[in-house]
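Source file: protein.cif (mmCIF, C-alpha atoms)
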```
data_work
#
loop_
_atom_site.label_atom_id
_atom_site.label_comp_id
_atom_site.auth_asym_id
_atom_site.auth_seq_id
_atom_site.Cartn_x
_atom_site.Cartn_y
_atom_site.Cartn_z
CA MET Q 1 21.49 5.46 6.04
CA LYS Q 2 18.42 3.77 4.58
CA VAL Q 3 18.68 5.94 1.48
CA LYS Q 4 22.33 4.93 1.13
CA VAL Q 5 21.43 1.24 1.11
CA VAL Q 6 18.68 1.83 -1.41
CA SER Q 7 20.96 3.85 -3.64
CA LYS Q 8 23.61 1.11 -3.57
CA ILE Q 9 20.97 -1.47 -4.49
CA LEU Q 10 19.87 0.71 -7.41
CA GLU Q 11 23.45 1.17 -8.64
CA ALA Q 12 24.09 -2.59 -8.54
CA ASN Q 13 20.79 -3.13 -10.34
CA ASP Q 14 21.71 -0.67 -13.10
CA ARG Q 15 24.98 -2.50 -13.77
CA ILE Q 16 23.16 -5.80 -14.25
CA ALA Q 17 20.50 -4.06 -16.35
CA ASP Q 18 23.26 -2.82 -18.68
CA GLU Q 19 24.56 -6.39 -19.04
CA ASN Q 20 21.05 -7.62 -19.87
CA ARG Q 21 20.69 -4.83 -22.43
CA LYS Q 22 23.88 -5.97 -24.17
CA ARG Q 23 22.61 -9.56 -24.29
CA PHE Q 24 19.31 -8.38 -25.77
CA LYS Q 25 21.09 -6.27 -28.39
CA ASP Q 26 23.38 -9.15 -29.36
CA ALA Q 27 20.36 -11.41 -29.72
CA GLY Q 28 18.48 -8.81 -31.78
CA VAL Q 29 15.44 -8.86 -29.52
CA TYR Q 30 13.39 -5.77 -28.66
CA VAL Q 31 12.39 -5.70 -24.98
CA MET Q 32 9.39 -4.08 -23.33
CA ASN Q 33 8.82 -3.79 -19.58
CA LEU Q 34 5.03 -3.86 -18.99
CA MET Q 35 3.95 -2.26 -15.71
CA GLY Q 36 0.75 -1.30 -13.88
CA ALA Q 37 -1.27 -1.75 -10.70
CA PRO Q 38 -2.82 -5.11 -9.77
CA GLY Q 39 -5.95 -5.60 -11.86
CA ALA Q 40 -5.12 -2.94 -14.46
CA GLY Q 41 -5.42 -5.68 -17.07
CA LYS Q 42 -1.76 -6.27 -17.96
CA THR Q 43 -2.06 -10.00 -18.69
CA THR Q 44 -5.26 -9.62 -20.72
CA LEU Q 45 -3.66 -6.81 -22.76
CA LEU Q 46 -0.66 -9.08 -23.27
CA GLU Q 47 -2.93 -11.88 -24.55
CA ARG Q 48 -4.62 -9.51 -27.03
CA THR Q 49 -1.25 -8.06 -28.10
CA ILE Q 50 0.22 -11.50 -28.75
CA GLN Q 51 -2.87 -12.52 -30.75
CA ALA Q 52 -2.51 -9.35 -32.87
CA LEU Q 53 1.26 -9.54 -33.40
CA LYS Q 54 1.87 -13.28 -33.62
CA PRO Q 55 1.43 -13.49 -37.41
CA HIS Q 56 4.23 -10.91 -37.85
CA LEU Q 57 6.57 -11.23 -34.86
CA LYS Q 58 8.09 -13.97 -32.72
CA ILE Q 59 7.25 -12.99 -29.16
CA GLY Q 60 8.50 -14.33 -25.83
CA VAL Q 61 7.27 -13.44 -22.35
CA ILE Q 62 8.63 -13.25 -18.81
CA GLU Q 63 5.90 -13.16 -16.16
CA GLY Q 64 6.61 -11.61 -12.75
CA ASP Q 65 4.38 -12.46 -9.81
CA ILE Q 66 4.80 -12.76 -6.05
CA VAL Q 67 3.59 -16.38 -6.18
CA GLY Q 68 1.86 -18.73 -8.60
CA THR Q 69 1.93 -19.50 -12.31
CA ASP Q 70 -1.56 -18.36 -13.40
CA ASP Q 71 -0.30 -15.69 -15.79
CA ALA Q 72 2.39 -17.88 -17.36
CA GLU Q 73 -0.23 -20.56 -17.97
CA ARG Q 74 -2.51 -18.05 -19.70
CA ILE Q 75 0.35 -16.89 -21.94
CA GLY Q 76 1.65 -20.43 -22.53
CA ALA Q 77 -1.80 -21.37 -23.88
CA LEU Q 78 -1.07 -18.99 -26.80
CA ASN Q 79 1.95 -21.12 -27.76
CA VAL Q 80 4.63 -18.52 -27.11
CA PRO Q 81 7.72 -19.21 -24.98
CA VAL Q 82 7.13 -18.00 -21.42
CA VAL Q 83 8.99 -18.10 -18.12
CA GLN Q 84 7.42 -17.36 -14.72
CA ILE Q 85 9.44 -15.54 -12.07
CA ASN Q 86 8.10 -15.79 -8.53
CA THR Q 87 9.58 -12.93 -6.52
CA GLY Q 88 8.60 -14.27 -3.09
CA GLY Q 89 7.94 -11.09 -1.16
CA ALA Q 90 9.43 -8.61 -3.62
CA CYS Q 91 6.98 -6.12 -5.13
CA HIS Q 92 8.89 -5.60 -8.38
CA LEU Q 93 11.21 -7.35 -10.83
CA ASP Q 94 14.88 -6.40 -10.83
CA ALA Q 95 17.65 -6.84 -13.39
CA ASN Q 96 19.19 -9.82 -11.60
CA MET Q 97 15.92 -11.78 -11.64
CA ILE Q 98 15.72 -11.25 -15.41
CA SER Q 99 19.38 -12.17 -15.87
CA GLU Q 100 18.86 -15.45 -14.04
CA VAL Q 101 16.00 -16.67 -16.25
CA LEU Q 102 17.28 -15.53 -19.65
CA SER Q 103 18.88 -18.90 -20.41
CA GLU Q 104 15.38 -20.44 -20.20
CA LEU Q 105 14.21 -18.46 -23.24
CA PRO Q 106 15.32 -18.79 -26.89
CA ILE Q 107 16.07 -15.06 -27.09
CA ARG Q 108 18.03 -15.31 -30.37
CA GLU Q 109 14.90 -16.65 -32.06
CA LEU Q 110 12.67 -13.87 -30.73
CA ASP Q 111 11.79 -10.51 -32.27
CA MET Q 112 10.27 -9.15 -29.09
CA LEU Q 113 10.42 -10.01 -25.40
CA ILE Q 114 7.67 -8.66 -23.17
CA ILE Q 115 8.36 -8.63 -19.42
CA GLU Q 116 5.19 -8.35 -17.35
CA ASN Q 117 6.18 -6.83 -14.02
CA VAL Q 118 4.56 -7.47 -10.62
CA GLY Q 119 1.27 -5.58 -10.21
CA ASN Q 120 2.37 -2.37 -8.48
CA LEU Q 121 2.14 1.29 -9.46
CA VAL Q 122 5.25 2.29 -7.49
CA CYS Q 123 8.48 0.26 -7.34
CA PRO Q 124 8.63 -1.41 -10.78
CA ALA Q 125 9.26 2.07 -12.24
CA GLU Q 126 12.44 2.38 -10.11
CA PHE Q 127 14.19 -0.78 -11.31
CA LYS Q 128 15.60 -1.04 -14.84
CA VAL Q 129 15.78 -4.58 -16.17
CA GLY Q 130 17.59 -3.86 -19.45
CA GLU Q 131 14.46 -3.04 -21.46
CA ASP Q 132 14.26 -0.87 -24.61
CA ILE Q 133 11.02 0.72 -23.41
CA LYS Q 134 8.81 0.76 -20.39
CA MET Q 135 5.04 1.02 -20.80
CA MET Q 136 2.17 1.05 -18.37
CA VAL Q 137 -1.47 0.03 -18.18
CA LEU Q 138 -4.01 2.00 -16.15
CA SER Q 139 -7.58 0.79 -15.82
CA VAL Q 140 -10.11 3.63 -15.99
CA ALA Q 141 -11.70 1.98 -12.93
CA GLU Q 142 -8.66 3.12 -10.92
CA GLY Q 143 -9.84 6.74 -11.14
CA HIS Q 144 -8.40 9.93 -12.61
CA ASP Q 145 -6.12 10.91 -9.71
CA LYS Q 146 -3.39 8.35 -10.39
CA PRO Q 147 -0.88 10.39 -12.49
CA LEU Q 148 -0.48 13.01 -9.74
CA LYS Q 149 -0.32 10.41 -6.96
CA TYR Q 150 2.08 7.95 -8.65
CA PRO Q 151 4.06 10.20 -11.02
CA LEU Q 152 7.26 8.17 -11.53
CA MET Q 153 5.71 5.39 -13.61
CA PHE Q 154 4.03 7.94 -15.89
CA GLN Q 155 7.38 9.73 -16.28
CA GLU Q 156 9.33 6.54 -17.02
CA SER Q 157 6.87 5.05 -19.52
CA SER Q 158 6.92 5.58 -23.30
CA ALA Q 159 3.29 4.50 -23.63
CA LEU Q 160 0.20 4.52 -21.44
CA VAL Q 161 -2.67 2.17 -22.19
CA LEU Q 162 -5.91 3.44 -20.70
CA ASN Q 163 -7.65 0.10 -20.34
CA LYS Q 164 -11.25 -1.02 -19.70
CA ILE Q 165 -12.69 2.04 -21.49
CA ASP Q 166 -15.90 0.01 -22.00
CA LEU Q 167 -16.55 0.73 -18.28
CA LEU Q 168 -16.42 4.54 -18.67
CA PRO Q 169 -20.23 5.01 -18.95
CA TYR Q 170 -20.64 3.47 -15.48
CA MET Q 171 -18.19 5.61 -13.52
CA ASN Q 172 -17.05 9.16 -12.86
CA THR Q 173 -13.50 8.81 -14.14
CA ASP Q 174 -12.46 11.87 -16.16
CA ILE Q 175 -10.02 10.50 -18.74
CA ASN Q 176 -9.30 13.96 -20.08
CA LYS Q 177 -7.82 14.76 -16.68
CA VAL Q 178 -5.75 11.56 -16.86
CA ARG Q 179 -4.48 12.60 -20.31
CA ARG Q 180 -3.75 16.17 -19.20
CA ASP Q 181 -1.90 15.21 -15.99
CA SER Q 182 0.02 12.37 -17.67
CA LEU Q 183 1.22 14.60 -20.51
CA ALA Q 184 2.21 17.34 -18.06
CA LEU Q 185 4.46 14.76 -16.35
CA ASN Q 186 5.71 13.31 -19.63
CA PRO Q 187 4.99 15.28 -22.84
CA LYS Q 188 6.27 12.44 -25.07
CA LEU Q 189 3.92 9.82 -23.60
CA GLN Q 190 1.90 7.93 -26.24
CA ILE Q 191 -1.63 7.31 -24.95
CA PHE Q 192 -3.91 4.52 -26.22
CA GLU Q 193 -7.54 4.00 -25.20
CA ILE Q 194 -8.29 0.30 -25.18
CA SER Q 195 -10.92 -2.20 -24.18
CA CYS Q 196 -9.62 -5.76 -24.10
CA THR Q 197 -13.25 -6.87 -23.67
CA THR Q 198 -14.63 -5.26 -26.86
CA GLY Q 199 -11.31 -5.08 -28.74
CA THR Q 200 -11.45 -1.29 -29.17
CA GLY Q 201 -8.04 0.22 -29.82
CA ILE Q 202 -6.08 -3.06 -29.91
CA ASP Q 203 -5.15 -2.78 -33.61
CA GLN Q 204 -3.79 0.75 -33.26
CA TRP Q 205 -1.75 -0.25 -30.19
CA ALA Q 206 -0.37 -3.38 -31.89
CA GLN Q 207 0.61 -1.39 -34.99
CA TRP Q 208 2.47 1.17 -32.89
CA LEU Q 209 4.32 -1.58 -31.03
CA SER Q 210 5.16 -3.44 -34.23
CA ALA Q 211 6.56 -0.24 -35.78
CA LEU Q 212 8.81 0.31 -32.74
CA ARG Q 213 10.42 -3.08 -33.35
CA SER Q 214 11.32 -2.24 -36.92
CA MET E 1 22.61 -10.67 2.20
CA LYS E 2 19.66 -8.75 0.84
CA VAL E 3 17.28 -10.89 2.89
CA LYS E 4 19.36 -10.15 6.00
CA VAL E 5 19.02 -6.40 5.50
CA VAL E 6 15.29 -6.73 4.93
CA SER E 7 14.85 -8.85 8.05
CA LYS E 8 16.76 -6.27 10.15
CA ILE E 9 14.55 -3.50 8.76
CA LEU E 10 11.46 -5.51 9.67
CA GLU E 11 12.73 -6.17 13.23
CA ALA E 12 13.47 -2.49 13.79
CA ASN E 13 10.05 -1.65 12.39
CA ASP E 14 8.31 -4.06 14.77
CA ARG E 15 9.97 -2.44 17.80
CA ILE E 16 8.69 0.99 16.80
CA ALA E 17 5.27 -0.48 15.99
CA ASP E 18 5.12 -1.83 19.56
CA GLU E 19 5.91 1.66 20.92
CA ASN E 20 3.17 3.14 18.75
CA ARG E 21 0.76 0.48 19.99
CA LYS E 22 1.49 1.47 23.63
CA ARG E 23 0.87 5.14 22.83
CA PHE E 24 -2.44 4.26 21.16
CA LYS E 25 -3.50 2.11 24.12
CA ASP E 26 -2.61 4.85 26.62
CA ALA E 27 -4.62 7.33 24.57
CA GLY E 28 -7.59 4.96 24.35
CA VAL E 29 -7.75 5.15 20.57
CA TYR E 30 -8.61 2.19 18.32
CA VAL E 31 -6.38 2.05 15.23
CA MET E 32 -7.12 0.61 11.81
CA ASN E 33 -4.58 0.22 8.98
CA LEU E 34 -6.49 0.54 5.69
CA MET E 35 -4.76 -1.09 2.71
CA GLY E 36 -5.42 -1.89 -0.96
CA ALA E 37 -4.20 -1.41 -4.52
CA PRO E 38 -4.21 2.04 -6.19
CA GLY E 39 -7.74 2.82 -7.29
CA ALA E 40 -9.43 0.21 -5.10
CA GLY E 41 -11.44 3.06 -3.57
CA LYS E 42 -9.78 3.40 -0.16
CA THR E 43 -10.26 7.17 0.19
CA THR E 44 -13.87 7.11 -1.02
CA LEU E 45 -14.65 4.27 1.41
CA LEU E 46 -13.00 6.33 4.14
CA GLU E 47 -15.21 9.33 3.28
CA ARG E 48 -18.37 7.19 3.46
CA THR E 49 -17.19 5.52 6.69
CA ILE E 50 -16.51 8.87 8.35
CA GLN E 51 -19.92 10.19 7.28
CA ALA E 52 -21.58 7.08 8.77
CA LEU E 53 -19.61 7.00 12.03
CA LYS E 54 -19.12 10.70 12.76
CA PRO E 55 -22.32 11.09 14.83
CA HIS E 56 -21.09 8.34 17.19
CA LEU E 57 -17.28 8.36 17.14
CA LYS E 58 -14.46 10.89 17.07
CA ILE E 59 -12.30 9.86 14.12
CA GLY E 60 -8.84 10.98 13.04
CA VAL E 61 -6.98 10.06 9.86
CA ILE E 62 -3.40 9.65 8.68
CA GLU E 63 -3.07 9.65 4.89
CA GLY E 64 -0.09 7.94 3.24
CA ASP E 65 0.85 8.83 -0.33
CA ILE E 66 4.04 8.95 -2.38
CA VAL E 67 3.46 12.66 -3.09
CA GLY E 68 0.68 15.21 -2.83
CA THR E 69 -2.10 16.10 -0.41
CA ASP E 70 -5.22 15.25 -2.47
CA ASP E 71 -6.47 12.59 -0.09
CA ALA E 72 -5.85 14.64 3.07
CA GLU E 73 -7.76 17.54 1.52
CA ARG E 74 -10.73 15.27 0.76
CA ILE E 75 -10.75 13.98 4.34
CA GLY E 76 -10.13 17.43 5.84
CA ALA E 77 -13.27 18.66 4.05
CA LEU E 78 -15.25 16.36 6.39
CA ASN E 79 -13.93 18.29 9.41
CA VAL E 80 -11.94 15.50 10.99
CA PRO E 81 -8.30 15.88 12.07
CA VAL E 82 -6.02 14.58 9.33
CA VAL E 83 -2.27 14.42 8.67
CA GLN E 84 -0.69 13.68 5.30
CA ILE E 85 2.51 11.62 5.13
CA ASN E 86 4.43 11.82 1.85
CA THR E 87 6.69 8.79 1.63
CA GLY E 88 8.82 10.07 -1.26
CA GLY E 89 9.64 6.88 -3.11
CA ALA E 90 8.53 4.39 -0.46
CA CYS E 91 5.65 2.15 -1.50
CA HIS E 92 4.27 1.60 2.02
CA LEU E 93 3.97 3.27 5.43
CA ASP E 94 6.20 2.05 8.23
CA ALA E 95 6.01 2.39 12.01
CA ASN E 96 8.56 5.19 12.16
CA MET E 97 6.63 7.38 9.73
CA ILE E 98 3.55 7.00 11.93
CA SER E 99 5.54 7.68 15.10
CA GLU E 100 6.88 10.92 13.65
CA VAL E 101 3.48 12.42 12.86
CA LEU E 102 1.56 11.30 15.96
CA SER E 103 2.23 14.57 17.79
CA GLU E 104 0.30 16.35 15.01
CA LEU E 105 -2.93 14.58 15.96
CA PRO E 106 -5.04 14.94 19.14
CA ILE E 107 -5.00 11.19 19.72
CA ARG E 108 -6.28 11.43 23.33
CA GLU E 109 -9.45 13.05 22.02
CA LEU E 110 -10.04 10.39 19.36
CA ASP E 111 -12.04 7.15 19.52
CA MET E 112 -10.64 5.79 16.29
CA LEU E 113 -7.62 6.52 14.11
CA ILE E 114 -7.72 5.30 10.51
CA ILE E 115 -4.39 5.07 8.69
CA GLU E 116 -4.79 4.94 4.91
CA ASN E 117 -1.72 3.24 3.51
CA VAL E 118 -0.04 3.87 0.14
CA GLY E 119 -1.93 2.21 -2.73
CA ASN E 120 -0.15 -1.13 -3.08
CA LEU E 121 -1.33 -4.73 -2.77
CA VAL E 122 2.08 -6.02 -1.64
CA CYS E 123 4.38 -4.25 0.83
CA PRO E 124 1.95 -2.46 3.18
CA ALA E 125 0.95 -5.93 4.48
CA GLU E 126 4.56 -6.55 5.59
CA PHE E 127 4.98 -3.48 7.81
CA LYS E 128 3.15 -3.20 11.14
CA VAL E 129 2.49 0.37 12.23
CA GLY E 130 1.04 -0.35 15.71
CA GLU E 131 -2.54 -0.89 14.51
CA ASP E 132 -5.27 -2.91 16.26
CA ILE E 133 -6.49 -4.30 12.96
CA LYS E 134 -5.56 -4.29 9.32
CA MET E 135 -8.27 -4.26 6.65
CA MET E 136 -8.19 -4.16 2.88
CA VAL E 137 -10.25 -2.89 -0.01
CA LEU E 138 -10.41 -4.75 -3.33
CA SER E 139 -12.31 -3.28 -6.27
CA VAL E 140 -14.25 -5.91 -8.21
CA ALA E 141 -12.76 -4.26 -11.33
CA GLU E 142 -9.38 -5.70 -10.27
CA GLY E 143 -10.56 -9.22 -11.19
CA HIS E 144 -11.03 -12.45 -9.25
CA ASP E 145 -7.43 -13.70 -9.37
CA LYS E 146 -6.05 -11.33 -6.73
CA PRO E 147 -6.24 -13.47 -3.53
CA LEU E 148 -4.07 -16.22 -5.03
CA LYS E 149 -1.61 -13.73 -6.58
CA TYR E 150 -1.23 -11.39 -3.57
CA PRO E 151 -1.98 -13.70 -0.62
CA LEU E 152 -0.23 -11.89 2.26
CA MET E 153 -2.60 -8.93 2.47
CA PHE E 154 -5.62 -11.27 2.50
CA GLN E 155 -3.95 -13.28 5.30
CA GLU E 156 -3.07 -10.23 7.38
CA SER E 157 -6.42 -8.46 7.12
CA SER E 158 -9.35 -8.85 9.52
CA ALA E 159 -11.81 -7.49 6.96
CA LEU E 160 -12.06 -7.37 3.18
CA VAL E 161 -14.27 -4.77 1.52
CA LEU E 162 -15.25 -5.86 -1.99
CA ASN E 163 -15.81 -2.41 -3.44
CA LYS E 164 -17.51 -1.06 -6.59
CA ILE E 165 -20.02 -3.93 -6.69
CA ASP E 166 -22.27 -1.66 -8.78
CA LEU E 167 -19.87 -2.44 -11.67
CA LEU E 168 -20.37 -6.24 -11.46
CA PRO E 169 -23.00 -6.42 -14.25
CA TYR E 170 -20.47 -4.97 -16.70
CA MET E 171 -17.57 -7.36 -16.12
CA ASN E 172 -16.62 -11.03 -15.78
CA THR E 173 -15.34 -10.89 -12.20
CA ASP E 174 -16.49 -13.94 -10.22
CA ILE E 175 -16.83 -12.67 -6.65
CA ASN E 176 -17.68 -16.12 -5.37
CA LYS E 177 -14.18 -17.16 -6.40
CA VAL E 178 -12.77 -14.11 -4.57
CA ARG E 179 -14.72 -15.13 -1.45
CA ARG E 180 -13.68 -18.77 -1.70
CA ASP E 181 -9.96 -18.08 -2.28
CA SER E 182 -9.84 -15.32 0.38
CA LEU E 183 -11.47 -17.52 3.02
CA ALA E 184 -9.13 -20.41 2.14
CA LEU E 185 -6.21 -18.07 2.91
CA ASN E 186 -7.87 -16.60 5.99
CA PRO E 187 -10.95 -18.39 7.38
CA LYS E 188 -11.66 -15.57 9.90
CA LEU E 189 -11.79 -12.83 7.24
CA GLN E 190 -14.96 -10.71 7.40
CA ILE E 191 -16.14 -9.88 3.88
CA PHE E 192 -18.33 -6.89 3.01
CA GLU E 193 -19.80 -6.15 -0.42
CA ILE E 194 -19.97 -2.41 -0.88
CA SER E 195 -20.66 0.25 -3.46
CA CYS E 196 -19.53 3.70 -2.39
CA THR E 197 -21.39 5.07 -5.43
CA THR E 198 -24.83 3.67 -4.55
CA GLY E 199 -24.25 3.33 -0.78
CA THR E 200 -24.93 -0.43 -0.76
CA GLY E 201 -23.40 -2.17 2.25
CA ILE E 202 -21.99 0.96 3.94
CA ASP E 203 -24.30 0.75 6.99
CA GLN E 204 -23.44 -2.88 7.70
CA TRP E 205 -19.71 -2.15 7.35
CA ALA E 206 -19.92 0.94 9.61
CA GLN E 207 -21.85 -1.01 12.26
CA TRP E 208 -19.24 -3.78 12.28
CA LEU E 209 -16.44 -1.24 12.63
CA SER E 210 -18.25 0.67 15.36
CA ALA E 211 -18.81 -2.57 17.32
CA LEU E 212 -15.08 -3.38 17.14
CA ARG E 213 -14.29 -0.12 18.88
CA SER E 214 -16.56 -0.89 21.84
#
```

Re-express the file's structure as structure tokens.
Amino acid sequence: MKVKVVSKILEANDRIADENRKRFKDAGVYVMNLMGAPGAGKTTLLERTIQALKPHLKIGVIEGDIVGTDDAERIGALNVPVVQINTGGACHLDANMISEVLSELPIRELDMLIIENVGNLVCPAEFKVGEDIKMMVLSVAEGHDKPLKYPLMFQESSALVLNKIDLLPYMNTDINKVRRDSLALNPKLQIFEISCTTGTGIDQWAQWLSALRS
Amino acid sequence: MKVKVVSKILEANDRIADENRKRFKDAGVYVMNLMGAPGAGKTTLLERTIQALKPHLKIGVIEGDIVGTDDAERIGALNVPVVQINTGGACHLDANMISEVLSELPIRELDMLIIENVGNLVCPAEFKVGEDIKMMVLSVAEGHDKPLKYPLMFQESSALVLNKIDLLPYMNTDINKVRRDSLALNPKLQIFEISCTTGTGIDQWAQWLSALRS
């Protein structure tokens, strides 16, 4: 019974996601759904990405959080259009939430829309929002067992940013195991090693993303 | 409509949680619900806690994960009774899942049962499982903005373990802000600074936990 309800919710979500996708295509905007656990470094990566791509691309952002506007304020400080969604209790964004805020963004003027999901390694991977690609951020401080314990997000993502690699010398995380297990789940996954603190890997990541758009 | 369904699910959950609580009380076992984001260090803290308390208390463990038995194998290696729940897609444990596995554990022989929830900073805080206390682990690598962005778990928990404090010299996390914001949400919250790598703070934490039981 519970599964039935969930499956109906997912079907309804997919219909709205398809409508969003049409609106994005009509507007000519490329859409990325950015996912990861709390504290993986999604917002900081987004700041660095915007700084790298802003000279070439017009970027807009939707921020998803349970409560508060901290992340939208950080992104707004970079002078890009941003909308904050507060989900209340919900641990993920869904297609309807995105649909409801789209009129607040000048999507026809944008080249790329980045949707930062709620910090959660589970449910965001289950809900399409109309995106062109999903990608995920994993902090090396989260440990090397995450692909096998939370496989769906690794399977659904086109790219994995291994973030905070400047911390590797101070911990036992085996990133070769992360690479191996992630690629076993998803052989097409593009993996980037990044430190938002030192800037390592940002250029390569931004170039890859920019090429996707064109 | 969606809210209505969710509220019915939560009511049904609370009834089963009350039944679990009666079973725990009859058995004379103290129950802790251990929560936190993926990679906060819940399982490693559990290993250290068991090592510290094992001479004094009989401990049993229920491990909650989406898939796999990694965590149960780590705990089983310490020779304590352990059961693994695989939730499938569900991002949290609920009271019914706990009820269904209780017969697999010798709860009348235990002093303390520790239930390690699915790695998630959101939904586990919404679902009672019949526990005496909830507690949470936050890795300092997750950053200092987490209490304000994920308030419910901080409000519901009796204790907060600030884990991986050995990494503090290598990052910008302001743990005084974490303390301040956490205590504003929950003035009774007990806060412990711990490194499972160096052992800092484990004794104090284990003593506090042991005193709760008696």

Between atom CA of Val83 of chain Q and atom CA of Ser139 of chain E, what is the spacing in Å? 28.5 Å

Taking only residues of chain E that have an atom at most 8 Å from an atom of chain Q, what is each one's shortest atom pair and its distance in Å to one decimal, using only C-alpha atoms, in chain and number order, as a tab-separated table?
```
residue	atom	partner	partner_atom	distance
E:Ala37	CA	Q:Pro38	CA	6.6
E:Pro38	CA	Q:Glu142	CA	6.6
E:Gly39	CA	Q:Glu142	CA	3.8
E:Ala40	CA	Q:Glu142	CA	6.6
E:Gly41	CA	Q:Glu142	CA	7.9
E:Asp65	CA	Q:Lys149	CA	6.9
E:Ile66	CA	Q:Lys149	CA	6.5
E:Val67	CA	Q:Lys149	CA	5.9
E:Gly68	CA	Q:Lys149	CA	6.4
E:Gly89	CA	Q:Val122	CA	7.7
E:Cys91	CA	Q:Val122	CA	6.0
E:Gly119	CA	Q:Leu121	CA	7.9
E:Asn120	CA	Q:Asn120	CA	6.1
E:Leu121	CA	Q:Pro38	CA	7.2
E:Val122	CA	Q:Cys91	CA	6.0
E:Cys123	CA	Q:Cys91	CA	6.8
E:Ala141	CA	Q:Ala141	CA	6.5
E:Glu142	CA	Q:Gly39	CA	3.8
E:Gly143	CA	Q:Gly39	CA	5.9
E:Lys146	CA	Q:Pro38	CA	7.6
E:Leu148	CA	Q:Gly68	CA	7.4
E:Lys149	CA	Q:Val67	CA	5.8
E:Tyr150	CA	Q:Ile66	CA	6.7
E:Leu167	CA	Q:Tyr170	CA	7.1
E:Tyr170	CA	Q:Leu167	CA	7.1
```

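Between atom CA of Glu131 of chain E and atom CA of Glu109 of chain E there is a distance of 17.3 Å.
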
Just how far from atom CA of Lys177 of chain Q is atom CA of Glu47 of chain E, in Å to one decimal? 22.0 Å

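Applied to the shown file, the PyMOL selection byres ((chain E and resi 57) around 8) selects the residues Leu53, Lys54, Pro55, His56, Lys58, Ile59, Leu110, Asp111, Met112 and Ser210 of chain E.
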
Would you kindly return, as number ranges by chain, each protein, DNA or RNA residue with an atom no farther than 12 Å from any atom of Leu209 of chain E, considering only C-alpha atoms and excluding same-chain residues fewer than 3 positions away? E: 30-32, 46, 49-50, 52-53, 56-57, 59, 111-114, 132-135, 158-159, 161, 190, 192, 202-206, 212-214

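Every protein, DNA or RNA residue with an atom at most 9 Å from Lys128 of chain Q, where only C-alpha atoms count and chain neighbours fewer than 4 positions away do not, is listed here: Leu10, Asn13, Asp14, Ile16, Ala17, Asp18, Asn33, Leu93, Asp94, Ala95, Pro124 and Lys134 of chain Q.
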
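For the point (-1.0, -20.5, -28.0), the residues with an atom at a distance of at most 10 Å are Glu47, Ile50, Gln51, Lys54, Arg74, Ile75, Gly76, Ala77, Leu78, Asn79, Val80 and Pro81 of chain Q, counting all atoms listed in the file.
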
Shortest contact to Asn86 of chain E, candidates E:Glu116, E:Glu63, E:Glu193, E:Asp174, atoms counted all atoms listed in the file, goes to E:Glu63
